[in-house]
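Structure file start-v3.json; described as JSON, C-alpha atoms.
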[["chain", "number", "residue", "atom", "x", "y", "z"],
["L", 865, "MET", "CA", 90.86, 111.53, 88.77],
["L", 866, "ILE", "CA", 94.30, 111.77, 87.29],
["L", 867, "PHE", "CA", 94.54, 112.59, 83.57],
["L", 868, "ARG", "CA", 97.70, 111.68, 81.63],
["L", 869, "SER", "CA", 98.20, 112.54, 77.97],
["L", 870, "LEU", "CA", 99.07, 109.66, 75.67],
["L", 871, "PRO", "CA", 101.45, 109.96, 72.67],
["L", 872, "LEU", "CA", 98.56, 110.54, 70.23],
["L", 873, "ASP", "CA", 97.03, 114.02, 70.46],
["L", 874, "SER", "CA", 93.86, 114.26, 72.60],
["L", 875, "ALA", "CA", 94.03, 110.64, 73.84],
["L", 876, "MET", "CA", 94.30, 110.25, 77.61],
["L", 877, "GLU", "CA", 94.72, 107.71, 80.36],
["L", 878, "VAL", "CA", 92.30, 108.31, 83.22],
["L", 879, "THR", "CA", 93.33, 106.88, 86.59],
["L", 880, "LEU", "CA", 91.21, 106.89, 89.72],
["L", 881, "GLN", "CA", 92.08, 108.77, 92.88],
["L", 882, "ARG", "CA", 91.14, 106.33, 95.58],
["L", 883, "ARG", "CA", 89.98, 107.37, 99.01],
["L", 884, "GLY", "CA", 90.21, 104.35, 101.24],
["L", 885, "ASP", "CA", 90.02, 103.00, 104.74],
["L", 886, "ALA", "CA", 89.61, 99.61, 106.42],
["L", 887, "ARG", "CA", 86.39, 99.00, 104.44],
["L", 888, "GLY", "CA", 88.03, 99.39, 101.05],
["L", 889, "PHE", "CA", 87.98, 102.49, 98.85],
["L", 890, "PHE", "CA", 85.76, 104.96, 97.00],
["L", 891, "ALA", "CA", 86.63, 106.67, 93.72],
["L", 892, "ARG", "CA", 84.90, 108.59, 90.97],
["L", 893, "THR", "CA", 84.99, 107.00, 87.53],
["L", 894, "PHE", "CA", 83.50, 110.07, 85.85],
["L", 895, "CYS", "CA", 82.95, 113.68, 86.86],
["L", 896, "GLU", "CA", 81.53, 116.14, 84.35],
["L", 897, "ASP", "CA", 83.45, 119.07, 85.85],
["L", 898, "GLU", "CA", 86.80, 117.26, 85.87],
["L", 899, "PHE", "CA", 86.40, 115.99, 82.31],
["L", 900, "ALA", "CA", 85.31, 119.46, 81.13],
["L", 901, "SER", "CA", 88.33, 121.06, 82.82],
["L", 902, "GLN", "CA", 90.53, 118.83, 80.62],
["L", 903, "GLY", "CA", 88.57, 119.75, 77.46],
["L", 904, "LEU", "CA", 87.13, 116.22, 77.24],
["L", 905, "ASN", "CA", 83.69, 114.98, 76.25],
["L", 906, "THR", "CA", 81.11, 115.04, 79.07],
["L", 907, "ARG", "CA", 78.07, 113.57, 77.31],
["L", 908, "TRP", "CA", 77.66, 109.79, 77.11],
["L", 909, "VAL", "CA", 74.64, 108.30, 75.34],
["L", 910, "GLN", "CA", 75.43, 104.59, 75.31],
["L", 911, "MET", "CA", 77.32, 102.13, 77.50],
["L", 912, "ASN", "CA", 78.39, 98.62, 76.45],
["L", 913, "ILE", "CA", 80.24, 95.66, 77.94],
["L", 914, "SER", "CA", 82.28, 92.99, 76.18],
["L", 915, "LEU", "CA", 83.40, 89.72, 77.72],
["L", 916, "SER", "CA", 86.19, 87.75, 76.08],
["L", 917, "ALA", "CA", 86.51, 84.24, 77.46],
["L", 918, "GLU", "CA", 89.99, 83.38, 76.24],
["L", 919, "GLN", "CA", 93.35, 85.03, 76.85],
["L", 920, "GLY", "CA", 94.87, 86.23, 73.56],
["L", 921, "THR", "CA", 91.54, 87.24, 72.00],
["L", 922, "VAL", "CA", 91.81, 90.26, 69.68],
["L", 923, "ARG", "CA", 88.83, 92.52, 68.98],
["L", 924, "GLY", "CA", 88.96, 95.46, 66.60],
["L", 925, "LEU", "CA", 90.18, 97.76, 65.25],
["L", 926, "HIS", "CA", 86.77, 99.50, 64.99],
["L", 927, "PHE", "CA", 85.55, 103.06, 64.49],
["L", 928, "GLN", "CA", 82.47, 105.08, 63.51],
["L", 929, "ARG", "CA", 82.57, 107.49, 60.55],
["L", 930, "PRO", "CA", 80.93, 110.92, 60.64],
["L", 931, "PRO", "CA", 78.21, 111.84, 61.29],
["L", 932, "SER", "CA", 78.33, 109.07, 63.91],
["L", 933, "ALA", "CA", 81.96, 109.53, 64.94],
["L", 934, "GLU", "CA", 82.27, 108.92, 68.64],
["L", 935, "VAL", "CA", 84.41, 109.49, 71.68],
["L", 936, "LYS", "CA", 84.93, 106.40, 73.84],
["L", 937, "LEU", "CA", 85.93, 105.89, 77.45],
["L", 938, "VAL", "CA", 87.03, 102.28, 77.95],
["L", 939, "ARG", "CA", 87.73, 100.61, 81.31],
["L", 940, "CYS", "CA", 88.62, 97.02, 82.21],
["L", 941, "LEU", "CA", 86.21, 95.61, 84.82],
["L", 942, "ARG", "CA", 87.74, 92.13, 85.06],
["L", 943, "GLY", "CA", 91.15, 90.84, 83.96],
["L", 944, "ARG", "CA", 93.64, 92.76, 81.83],
["L", 945, "ALA", "CA", 93.80, 93.88, 78.21],
["L", 946, "LEU", "CA", 96.22, 95.67, 75.95],
["L", 947, "ASP", "CA", 94.13, 98.47, 74.47],
["L", 948, "VAL", "CA", 95.29, 99.87, 71.10],
["L", 949, "ILE", "CA", 94.17, 103.04, 69.33],
["L", 950, "VAL", "CA", 95.08, 104.19, 65.80],
["L", 951, "ASP", "CA", 94.86, 107.82, 64.71],
["L", 952, "LEU", "CA", 92.73, 108.07, 61.54],
["L", 953, "ARG", "CA", 92.38, 111.87, 61.47],
["L", 954, "LYS", "CA", 93.63, 112.98, 58.05],
["L", 955, "SER", "CA", 94.70, 116.39, 59.41],
["L", 956, "SER", "CA", 96.70, 114.88, 62.29],
["L", 957, "ALA", "CA", 100.50, 114.82, 62.42],
["L", 958, "THR", "CA", 100.17, 111.31, 63.89],
["L", 959, "PHE", "CA", 97.82, 109.91, 61.22],
["L", 960, "GLY", "CA", 98.34, 106.14, 60.95],
["L", 961, "HIS", "CA", 100.26, 105.92, 64.21],
["L", 962, "HIS", "CA", 99.08, 103.83, 67.13],
["L", 963, "CYS", "CA", 99.64, 103.66, 70.85],
["L", 964, "ALA", "CA", 98.86, 100.96, 73.38],
["L", 965, "LEU", "CA", 97.88, 101.09, 77.02],
["L", 966, "GLU", "CA", 97.39, 98.17, 79.38],
["L", 967, "LEU", "CA", 94.00, 98.35, 81.05],
["L", 968, "ASP", "CA", 93.86, 96.45, 84.33],
["L", 969, "ALA", "CA", 90.82, 95.77, 86.50],
["L", 970, "GLU", "CA", 92.93, 96.09, 89.64],
["L", 971, "ALA", "CA", 94.49, 99.39, 88.55],
["L", 972, "ARG", "CA", 91.02, 100.55, 87.41],
["L", 973, "ASN", "CA", 92.49, 102.82, 84.74],
["L", 974, "ALA", "CA", 90.67, 103.84, 81.58],
["L", 975, "ILE", "CA", 91.54, 105.13, 78.14],
["L", 976, "TYR", "CA", 89.84, 108.20, 76.66],
["L", 977, "ILE", "CA", 89.63, 107.80, 72.87],
["L", 978, "PRO", "CA", 88.77, 110.93, 70.85],
["L", 979, "GLU", "CA", 86.75, 110.97, 67.63],
["L", 980, "GLY", "CA", 88.74, 109.87, 64.61],
["L", 981, "PHE", "CA", 90.49, 106.88, 66.19],
["L", 982, "ALA", "CA", 90.15, 103.16, 65.55],
["L", 983, "HIS", "CA", 90.06, 101.05, 68.71],
["L", 984, "GLY", "CA", 90.87, 97.45, 69.51],
["L", 985, "PHE", "CA", 92.39, 95.29, 72.21],
["L", 986, "GLN", "CA", 93.94, 91.95, 73.09],
["L", 987, "THR", "CA", 92.96, 90.15, 76.27],
["L", 988, "LEU", "CA", 95.87, 89.32, 78.56],
["L", 989, "THR", "CA", 93.82, 87.06, 80.84],
["L", 990, "ASP", "CA", 90.90, 84.69, 80.49],
["L", 991, "GLU", "CA", 87.45, 86.14, 81.25],
["L", 992, "THR", "CA", 88.36, 89.75, 80.47],
["L", 993, "GLU", "CA", 85.49, 92.22, 80.64],
["L", 994, "LEU", "CA", 85.62, 95.77, 79.25],
["L", 995, "GLN", "CA", 83.11, 98.58, 79.68],
["L", 996, "TYR", "CA", 82.70, 101.23, 76.97],
["L", 997, "MET", "CA", 81.03, 104.62, 77.29],
["L", 998, "HIS", "CA", 80.12, 106.17, 73.91],
["L", 999, "SER", "CA", 79.34, 109.77, 72.98],
["L", 1000, "HIS", "CA", 77.20, 108.65, 70.03],
["L", 1001, "ARG", "CA", 74.71, 105.86, 69.47],
["L", 1002, "TYR", "CA", 75.87, 102.87, 67.45],
["L", 1003, "ALA", "CA", 75.14, 103.44, 63.76],
["L", 1004, "PRO", "CA", 75.86, 100.32, 61.68],
["L", 1005, "GLN", "CA", 75.79, 102.30, 58.41],
["L", 1006, "ASP", "CA", 78.76, 104.38, 59.66],
["L", 1007, "GLU", "CA", 80.80, 101.52, 61.08],
["L", 1008, "GLY", "CA", 84.33, 100.90, 59.85],
["L", 1009, "GLY", "CA", 87.41, 98.98, 60.78],
["L", 1010, "ILE", "CA", 91.03, 98.19, 60.08],
["L", 1011, "ASN", "CA", 92.56, 94.75, 60.13],
["L", 1012, "PRO", "CA", 94.35, 94.38, 63.50],
["L", 1013, "LEU", "CA", 97.03, 92.25, 61.79],
["L", 1014, "ASP", "CA", 97.89, 94.91, 59.16],
["L", 1015, "LYS", "CA", 101.70, 94.77, 59.02],
["L", 1016, "SER", "CA", 101.93, 98.50, 58.18],
["L", 1017, "LEU", "CA", 100.63, 99.30, 61.67],
["L", 1018, "SER", "CA", 103.38, 97.27, 63.36],
["L", 1019, "ILE", "CA", 101.20, 96.52, 66.38],
["L", 1020, "ASP", "CA", 103.10, 94.25, 68.74],
["L", 1021, "TRP", "CA", 100.35, 92.03, 70.12],
["L", 1022, "PRO", "CA", 101.99, 90.58, 73.25],
["L", 1023, "LEU", "CA", 100.40, 87.11, 73.08],
["L", 1024, "PRO", "CA", 99.72, 84.64, 70.29],
["L", 1025, "ILE", "CA", 96.24, 85.42, 68.95],
["L", 1026, "SER", "CA", 93.82, 82.78, 70.21],
["L", 1027, "GLN", "CA", 90.57, 84.26, 68.85],
["L", 1028, "LEU", "CA", 89.89, 86.74, 66.05],
["L", 1029, "SER", "CA", 86.49, 87.04, 64.39],
["L", 1030, "ASP", "CA", 86.19, 86.34, 60.68],
["L", 1031, "ARG", "CA", 84.77, 89.85, 60.34],
["L", 1032, "ASP", "CA", 87.84, 91.49, 61.94],
["L", 1033, "ALA", "CA", 90.26, 89.27, 59.97],
["L", 1034, "ALA", "CA", 88.58, 90.42, 56.73],
["L", 1035, "LEU", "CA", 88.83, 94.15, 57.51],
["L", 1036, "PRO", "CA", 90.97, 96.20, 55.10],
["L", 1037, "GLY", "CA", 94.41, 97.50, 55.96],
["L", 1038, "LEU", "CA", 95.19, 101.09, 56.87],
["L", 1039, "LYS", "CA", 96.14, 101.99, 53.28],
["L", 1040, "GLU", "CA", 92.66, 100.94, 52.07],
["L", 1041, "CYS", "CA", 90.89, 102.90, 54.82],
["L", 1042, "GLU", "CA", 89.64, 106.38, 54.03],
["L", 1043, "PRO", "CA", 90.89, 108.89, 56.66],
["L", 1044, "LEU", "CA", 88.33, 110.48, 58.98]]
With the file now loaded, output its structure as structure tokens.
Amino acid sequence: MIFRSLPLDSAMEVTLQRRGDARGFFARTFCEDEFASQGLNTRWVQMNISLSAEQGTVRGLHFQRPPSAEVKLVRCLRGRALDVIVDLRKSSATFGHHCALELDAEARNAIYIPEGFAHGFQTLTDETELQYMHSHRYAPQDEGGINPLDKSLSIDWPLPISQLSDRDAALPGLKECEPL
């Protein structure tokens, strides 16, 4: 695996190292030793999949508050998505900043999202499927979110938004969100 630091501290892009021949290729998507050597989480307790039918769909920006704060590893299994993370760590020099990474099923890259970040994405193709590995079980009482259309974030969603849940549209802006 190839690990590349993203502009927000502790966030990483994880790209596969393919070993291929005439049959196709083989690659590791997770290796405890390699993740540990980078100082990354190695314990995953839950895995989820989301399927978004329509290009332009926005989901998020979601997070879990302590004591259920979680690390996520997100990979695109089908299609393409612009994945966006927002730093909510009150002690961070990049609090309130975001970065975006295109996840592509053909590239098979992933984004490693540390605790203390909100996460969301916009689908760039129809029938986009994402897989999430979580370091903590889902805890609805600790769930939070930020409105993905909050102008103070200045997120440049590349496509017109075709779908956004009522729940996500009603989320508060960054200024109303208590830091983690």
Exercise. Hey, which of L:Glu970, L:Gly924, L:Asp951, L:Gly943 ends up closest to Asp1030 of chain L? Count all atoms listed in the file.
Worked result: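 Counting all atoms listed in the file, the residue closest to Asp1030 of chain L is L:Gly924.
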Could you name the residues that touch Lys954 of chain L at 8 Å or less, counting all atoms listed in the file, but leaving out those on the same chain fewer than 4 positions away, as a PDB file with C-alpha atoms, in the coordinates of the input?
ATOM      1  CA  PHE L 959      97.820 109.910  61.220  1.00  0.00           C
ATOM      2  CA  PRO L1043      90.890 108.890  56.660  1.00  0.00           C
ATOM      3  CA  LEU L1044      88.330 110.480  58.980  1.00  0.00           C
TER       4      LEU L1044
END
Quick one: residues within 12 Å of segment 890-895 of chain L, only C-alpha atoms counted, chain neighbours fewer than 2 positions away excluded, as a compact mmCIF listing (two decimals) with C-alpha atoms, in the frame of the given file?
# COMPACT_ATOMS: atom_id res chain seq x y z
CA MET L 865 90.86 111.53 88.77
CA ILE L 866 94.30 111.77 87.29
CA PHE L 867 94.54 112.59 83.57
CA VAL L 878 92.30 108.31 83.22
CA THR L 879 93.33 106.88 86.59
CA LEU L 880 91.21 106.89 89.72
CA GLN L 881 92.08 108.77 92.88
CA ARG L 882 91.14 106.33 95.58
CA ARG L 883 89.98 107.37 99.01
CA GLY L 884 90.21 104.35 101.24
CA ASP L 885 90.02 103.00 104.74
CA ALA L 886 89.61 99.61 106.42
CA ARG L 887 86.39 99.00 104.44
CA GLY L 888 88.03 99.39 101.05
CA ASP L 897 83.45 119.07 85.85
CA GLU L 898 86.80 117.26 85.87
CA PHE L 899 86.40 115.99 82.31
CA ALA L 900 85.31 119.46 81.13
CA SER L 901 88.33 121.06 82.82
CA GLN L 902 90.53 118.83 80.62
CA LEU L 904 87.13 116.22 77.24
CA ASN L 905 83.69 114.98 76.25
CA THR L 906 81.11 115.04 79.07
CA ARG L 907 78.07 113.57 77.31
CA TRP L 908 77.66 109.79 77.11
CA LEU L 937 85.93 105.89 77.45
CA VAL L 938 87.03 102.28 77.95
CA ARG L 939 87.73 100.61 81.31
CA CYS L 940 88.62 97.02 82.21
CA LEU L 941 86.21 95.61 84.82
CA ALA L 971 94.49 99.39 88.55
CA ARG L 972 91.02 100.55 87.41
CA ASN L 973 92.49 102.82 84.74
CA ALA L 974 90.67 103.84 81.58
CA ILE L 975 91.54 105.13 78.14
CA TYR L 976 89.84 108.20 76.66
CA GLN L 995 83.11 98.58 79.68
CA MET L 997 81.03 104.62 77.29
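You can rank L:Ala933, L:Val950, L:Ala964, L:Ala969 by their closest distance to Asp1006 of chain L using all atoms listed in the file, and at the top of that list sits L:Ala933.
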For this session: Identify, on the basis of only C-alpha atoms, every residue whose closest approach to Pro871 of chain L does not exceed 10 Å; exclude the query and any residue fewer than 5 positions from it along the same chain; express the result as a list in words.
Result: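 Here the answer would be Met876, Thr958, His961, His962, Cys963 and Ala964 of chain L.
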Give me the segment 912-953 of chain L side of the contact with segment 1007-1023 of chain L, cut-off 10 Å, one line per residue showing its nearest atom pair and distance in Å at one decimal, counting all atoms listed in the file, sorted by chain and residue number, as JSON lines.
{"residue": "L:Gln919", "atom": "CA", "partner": "L:Leu1023", "partner_atom": "CA", "distance": 8.3}
{"residue": "L:Gly920", "atom": "CA", "partner": "L:Leu1023", "partner_atom": "CA", "distance": 5.6}
{"residue": "L:Thr921", "atom": "CA", "partner": "L:Leu1023", "partner_atom": "CA", "distance": 8.9}
{"residue": "L:Val922", "atom": "CA", "partner": "L:Pro1012", "partner_atom": "CA", "distance": 7.8}
{"residue": "L:Arg923", "atom": "CA", "partner": "L:Pro1012", "partner_atom": "CA", "distance": 8.0}
{"residue": "L:Gly924", "atom": "CA", "partner": "L:Pro1012", "partner_atom": "CA", "distance": 6.3}
{"residue": "L:Leu925", "atom": "CA", "partner": "L:Ile1010", "partner_atom": "CA", "distance": 5.3}
{"residue": "L:His926", "atom": "CA", "partner": "L:Gly1009", "partner_atom": "CA", "distance": 4.3}
{"residue": "L:Phe927", "atom": "CA", "partner": "L:Gly1008", "partner_atom": "CA", "distance": 5.3}
{"residue": "L:Gln928", "atom": "CA", "partner": "L:Glu1007", "partner_atom": "CA", "distance": 4.6}
{"residue": "L:Arg929", "atom": "CA", "partner": "L:Glu1007", "partner_atom": "CA", "distance": 6.2}
{"residue": "L:Pro930", "atom": "CA", "partner": "L:Glu1007", "partner_atom": "CA", "distance": 9.4}
{"residue": "L:Ser932", "atom": "CA", "partner": "L:Glu1007", "partner_atom": "CA", "distance": 8.4}
{"residue": "L:Ala933", "atom": "CA", "partner": "L:Glu1007", "partner_atom": "CA", "distance": 9.0}
{"residue": "L:Leu946", "atom": "CA", "partner": "L:Trp1021", "partner_atom": "CA", "distance": 8.0}
{"residue": "L:Asp947", "atom": "CA", "partner": "L:Trp1021", "partner_atom": "CA", "distance": 10.0}
{"residue": "L:Val948", "atom": "CA", "partner": "L:Ile1019", "partner_atom": "CA", "distance": 8.3}
{"residue": "L:Val950", "atom": "CA", "partner": "L:Leu1017", "partner_atom": "CA", "distance": 8.5}
Exercise. What is the atom CA of Asp873 of chain L to atom CA of Leu1028 of chain L distance in Å?
Worked result: 28.5 Å
Problem set entry | Neighbour list for Arg1001 of chain L as a ChimeraX atom specification, cut-off 8 Å, all atoms listed in the file, skip fewer than 3 positions in-chain | /L:909-910,932,998
Please dump the current selection as a PDB file, in the frame of the given file; keep C-alpha atoms.
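Dumped to part-v1.pdb:
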ATOM      1  CA  VAL L 909      74.640 108.300  75.340  1.00  0.00           C
ATOM      2  CA  GLN L 910      75.430 104.590  75.310  1.00  0.00           C
ATOM      3  CA  SER L 932      78.330 109.070  63.910  1.00  0.00           C
ATOM      4  CA  HIS L 998      80.120 106.170  73.910  1.00  0.00           C
TER       5      HIS L 998
END
For this session: Give me, please, the distance in Å between atom CA of Leu870 of chain L and atom CA of Ile949 of chain L, quoted to one decimal.
Result: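 Atom-to-atom, atom CA of Leu870 of chain L and atom CA of Ile949 of chain L are spaced 10.4 Å apart.
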Problem set entry | Atomic separation - atom CA of Glu991 of chain L relative to atom CA of Leu872 of chain L, Å |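 These two atoms are separated by 29.0 Å.
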Problem set entry | Selected residue, from L:Ala1033, L:Met911, L:Ala1003, L:Leu988, that lies nearest to Leu967 of chain L when counting only C-alpha atoms |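 Among the listed residues, L:Leu988 lies closest to Leu967 of chain L.
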For segment 1004-1019 of chain L, I'd like the enclosing box, axis-aligned and padded by 8 Å on every side, reported as AutoDock Vina command-line options with centre and edge lengths in Å to one decimal.
--center_x 89.6 --center_y 98.3 --center_z 62.3 --size_x 43.6 --size_y 28.1 --size_z 24.2
Problem set entry | Nearest residue to Pro978 of chain L from the set L:Arg1031, L:Arg953, L:Arg942, L:Arg868 (distances using all atoms listed in the file) |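 Of L:Arg1031, L:Arg953, L:Arg942, L:Arg868, the one nearest Pro978 of chain L is L:Arg953, counting all atoms listed in the file.
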Exercise. For Glu934 of chain L, which residue among L:Cys1041, L:Leu994, L:Leu1035, L:Ile977 is the nearest when counting only C-alpha atoms?
Worked result: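 Between L:Cys1041, L:Leu994, L:Leu1035, L:Ile977, the residue approaching Glu934 of chain L most closely is L:Ile977.
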Exercise. Nearest to Glu979 of chain L: which of L:Ser956, L:Ser1026, L:Ser869, L:Asn912 is it, counting all atoms listed in the file?
Worked result: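 Once distances to Glu979 of chain L are computed over all atoms listed in the file, the minimum belongs to L:Ser956.
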As an mmCIF file, in the coordinates of the input, could you write out segment 988-1000 of chain L once it has been completed with N, CA, C and O atoms?
data_model
loop_
_atom_site.group_PDB
_atom_site.id
_atom_site.type_symbol
_atom_site.label_atom_id
_atom_site.label_comp_id
_atom_site.auth_asym_id
_atom_site.auth_seq_id
_atom_site.Cartn_x
_atom_site.Cartn_y
_atom_site.Cartn_z
ATOM 1 N N LEU L 988 94.656 89.859 77.963
ATOM 2 C CA LEU L 988 95.870 89.320 78.560
ATOM 3 C C LEU L 988 95.567 88.245 79.594
ATOM 4 O O LEU L 988 96.486 87.606 80.110
ATOM 5 N N THR L 989 94.287 88.084 79.901
ATOM 6 C CA THR L 989 93.820 87.060 80.840
ATOM 7 C C THR L 989 92.543 86.446 80.298
ATOM 8 O O THR L 989 91.864 87.049 79.457
ATOM 9 N N ASP L 990 92.205 85.273 80.780
ATOM 10 C CA ASP L 990 90.900 84.690 80.490
ATOM 11 C C ASP L 990 89.823 85.533 81.172
ATOM 12 O O ASP L 990 90.095 86.217 82.170
ATOM 13 N N GLU L 991 88.610 85.470 80.643
ATOM 14 C CA GLU L 991 87.450 86.140 81.250
ATOM 15 C C GLU L 991 87.701 87.643 81.465
ATOM 16 O O GLU L 991 87.504 88.171 82.551
ATOM 17 N N THR L 992 88.117 88.307 80.410
ATOM 18 C CA THR L 992 88.360 89.750 80.470
ATOM 19 C C THR L 992 87.105 90.499 80.044
ATOM 20 O O THR L 992 86.527 90.225 78.998
ATOM 21 N N GLU L 993 86.710 91.448 80.881
ATOM 22 C CA GLU L 993 85.490 92.220 80.640
ATOM 23 C C GLU L 993 85.832 93.703 80.545
ATOM 24 O O GLU L 993 86.488 94.250 81.436
ATOM 25 N N LEU L 994 85.401 94.336 79.444
ATOM 26 C CA LEU L 994 85.620 95.770 79.250
ATOM 27 C C LEU L 994 84.275 96.484 79.209
ATOM 28 O O LEU L 994 83.285 95.958 78.706
ATOM 29 N N GLN L 995 84.285 97.713 79.719
ATOM 30 C CA GLN L 995 83.110 98.580 79.680
ATOM 31 C C GLN L 995 83.444 99.781 78.801
ATOM 32 O O GLN L 995 84.517 100.367 78.931
ATOM 33 N N TYR L 996 82.518 100.122 77.904
ATOM 34 C CA TYR L 996 82.700 101.230 76.970
ATOM 35 C C TYR L 996 81.604 102.264 77.189
ATOM 36 O O TYR L 996 80.431 101.915 77.182
ATOM 37 N N MET L 997 81.991 103.520 77.325
ATOM 38 C CA MET L 997 81.030 104.620 77.290
ATOM 39 C C MET L 997 81.207 105.295 75.935
ATOM 40 O O MET L 997 82.335 105.513 75.485
ATOM 41 N N HIS L 998 80.081 105.607 75.264
ATOM 42 C CA HIS L 998 80.120 106.170 73.910
ATOM 43 C C HIS L 998 79.401 107.521 73.884
ATOM 44 O O HIS L 998 78.339 107.670 74.475
ATOM 45 N N SER L 999 79.965 108.447 73.123
ATOM 46 C CA SER L 999 79.340 109.770 72.980
ATOM 47 C C SER L 999 78.271 109.792 71.894
ATOM 48 O O SER L 999 77.552 110.770 71.768
ATOM 49 N N HIS L 1000 78.180 108.720 71.115
ATOM 50 C CA HIS L 1000 77.200 108.650 70.030
ATOM 51 C C HIS L 1000 76.608 107.256 69.998
ATOM 52 O O HIS L 1000 77.286 106.282 70.315
#
